[in-house]
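Colleague: Right, I'll just put the structure down here and ask away after.
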Amino acid sequence: MALSAQFRKYSNEFLNIGAGARGLAMGSAQVASVSDGTAGYWNPAALVHVKGQAQVNIMHAEYFAGIGKYDYANVAIPLKDGKRTIGLSVLRFAVDDIPNTVFLVEPDGTINFDNITTFSSADYAFLFSYAQELKMKGSTDKKLNLGFNAKVIHRKAGDFATAWGFGFDAGVQYINKRFQAGLVARDVTTTFNAWTYNINDKMREVFYVTQNDVPVKSNELTAPKLIAGASYNFKLSKSINLLAEGNLDFTFDGRRNTVISSSAVSIDPKIGLEASVKNVFFVRAGINNFQKALDDNDSTYRKKVWIYQPALGAGFRLQNVMIDYAFTNLANQSNPLYTHVFSLKLDLVKKNKNK
């Protein structure tokens with residue numbers, strides 16, 4: 001009981017944004033079908049699909065009219081035996097130029113705008129991934145992949161607060177011809193963050209006069225989260241395929257506003273589609289984050305309706321380069337707050353000396 005009291009329901013929330021425009025365009029339904037370097041984020045077991053040469057993935061997105069900036073980079077390196085892959089992923093979410101108004105009011109009550117300074121609040125995550133393909137007897141069509149993440153987290157708010165944390169993820173992926181299934185346990189051992197604060201005496205005095213609490217060293221735990229998914233690739237014609245995937249997110253940190261909500265577990269579904277033409281051109285769509293909210297058209301403010309976050313996207317492959325785009329919503333279908341996401345995938349093909 002003493003341990004559970006330290007869990008934060010929305011701890012390290014920047015790690016739930018996603019990685020790669022493909023996954024974001026499909027409503028973040030990825031744990032079963034992901035097959036590139038972004039698997040280091042979605043499902044580390046799927047990194048084994050990166051074979052033959054190393055692969056690099058990068059992504060940039062800006063939220064809230066450019067106030068928040070989100071960057072992601074990954075490198076996946078297959079080992080010589082062709083059955084194991086290692087990877088490194090780096091994520092950063094930051095808000096820059098935040099006004100610090102602690103000393104805006106002088107001791108005599110006058111306002112001095114020259115005392116306003118700015119600082120940045122940035123969250124970093126470093127994911128070290130390992131994936132391995134396991135042998136399955138009796139069929140060459142069936143495959144089972146396992147993977148693990150070791151992650152280091154660094155969070156910083158100006159010179160006032162700093163946190164370091166660490167945790168582990170584990171994933172499994174099963175493949176049987178056109179059917180795939182995935183299971184990921186995030187923060188499987190709980191993720192631990194240790195916060196320290198640097199508050200000088202002058203700032204402490206301001207906090208005391210304004211009746212604000214002075215922060216002290218604290219620890220923060222992120223509860224484990226389970227993500228299960230399944231996908232199927234329908235062959236519509238010789239050149240057109242349709243991939244459909246559904247995910248279920250299971251959280252165990254208390255009741256949430258989700259489709260299935262209880263004090264023991266909350267379940268949040270995600271749905272994604274991807275149509276491909278000759279494996280060169282892609283069109284994607286997805287929905288996630290189903291919630292019940294007050295109806296804006298109800299004057300009594302009692303009626304609730306279901307809302308969700310939609311997403312659309314497209315992609316284009318040119319030899320060893322893949323460019324993806326996603327048009328995602330941070331709010332819901334009735335109160336849009338859209339952002340544009342671009343990502344690039346590059347297979348580092350070795351130069352052929354015969355050409």
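In the structure tokens, chains take the letters A, B, ... in the order shown, each chain's residues start at 1, and ligands count up from 1 in the order shown.
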I'd like the contact shell of Met26 (chain A) - 6 Å cut-off, only C-alpha atoms, skipping same-chain residues fewer than 5 positions apart - returned as number ranges by chain.
Modeller: A: 272-273, 284-286
Colleague: Go through region 33-78 of chain A and flag each residue having an atom no more than 10 Å from region 118-126 of chain A; for those, report the closest pair of atoms plus their distance in Å to one decimal, using only C-alpha atoms, ordered by chain and rising number, as CSV.
Modeller:
residue,atom,partner,partner_atom,distance
A:Gly68,CA,A:Ala122,CA,9.6
A:Lys69,CA,A:Ala122,CA,9.4
A:Tyr70,CA,A:Asp123,CA,9.6
A:Asp71,CA,A:Tyr124,CA,9.7
A:Tyr72,CA,A:Ala125,CA,9.6
A:Ala73,CA,A:Phe126,CA,9.9
A:Asn74,CA,A:Phe126,CA,9.8
Colleague: Restricted to N, CA, C and O atoms, what would the selected residues look like written as a PDB file, in the first residue's frame?
Modeller:
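Written output follows (out-v2.pdb):
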ATOM      1  N   GLY A  68       4.864  23.514 -28.327  1.00  0.00           N
ATOM      2  CA  GLY A  68       5.519  22.272 -27.944  1.00  0.00           C
ATOM      3  C   GLY A  68       6.180  21.616 -29.146  1.00  0.00           C
ATOM      4  O   GLY A  68       5.579  21.518 -30.222  1.00  0.00           O
ATOM      5  N   LYS A  69       7.414  21.177 -28.999  1.00  0.00           N
ATOM      6  CA  LYS A  69       8.156  20.542 -30.091  1.00  0.00           C
ATOM      7  C   LYS A  69       8.525  19.120 -29.688  1.00  0.00           C
ATOM      8  O   LYS A  69       9.066  18.889 -28.605  1.00  0.00           O
ATOM      9  N   TYR A  70       8.219  18.188 -30.596  1.00  0.00           N
ATOM     10  CA  TYR A  70       8.438  16.773 -30.332  1.00  0.00           C
ATOM     11  C   TYR A  70       9.329  16.192 -31.421  1.00  0.00           C
ATOM     12  O   TYR A  70       9.034  16.318 -32.610  1.00  0.00           O
ATOM     13  N   ASP A  71      10.426  15.582 -31.013  1.00  0.00           N
ATOM     14  CA  ASP A  71      11.381  15.001 -31.949  1.00  0.00           C
ATOM     15  C   ASP A  71      11.673  13.556 -31.566  1.00  0.00           C
ATOM     16  O   ASP A  71      11.713  13.199 -30.382  1.00  0.00           O
ATOM     17  N   TYR A  72      11.894  12.758 -32.610  1.00  0.00           N
ATOM     18  CA  TYR A  72      12.176  11.339 -32.402  1.00  0.00           C
ATOM     19  C   TYR A  72      13.226  10.901 -33.418  1.00  0.00           C
ATOM     20  O   TYR A  72      13.173  11.271 -34.591  1.00  0.00           O
ATOM     21  N   ALA A  73      14.178  10.099 -32.962  1.00  0.00           N
ATOM     22  CA  ALA A  73      15.201   9.549 -33.852  1.00  0.00           C
ATOM     23  C   ALA A  73      15.516   8.127 -33.409  1.00  0.00           C
ATOM     24  O   ALA A  73      15.499   7.809 -32.208  1.00  0.00           O
ATOM     25  N   ASN A  74      15.792   7.280 -34.396  1.00  0.00           N
ATOM     26  CA  ASN A  74      16.063   5.873 -34.092  1.00  0.00           C
ATOM     27  C   ASN A  74      17.067   5.318 -35.090  1.00  0.00           C
ATOM     28  O   ASN A  74      17.065   5.681 -36.271  1.00  0.00           O
TER      29      ASN A  74
END
Colleague: Kindly indicate which residue among A:Phe64, A:Phe160, A:Phe103, A:Phe166 lies nearest to Val188 (chain A), using only C-alpha atoms for the distances.
Modeller: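 Looking only at the distances to Val188 (chain A), the closest residue turns out to be A:Phe166.
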Colleague: What does the structure give for the distance between CA of Asn279 (chain A) and CA of Val184 (chain A), in Å to one decimal?
Modeller: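 Between these atoms lies a distance of 26.7 Å.
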Colleague: My list of candidates is A:Asp249, A:Asp295, A:Asp347, A:Asp324. Which is closest to Val75 (chain A) when distances are computed with only C-alpha atoms?
Modeller: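 The answer is A:Asp347, which sits nearest to Val75 (chain A).
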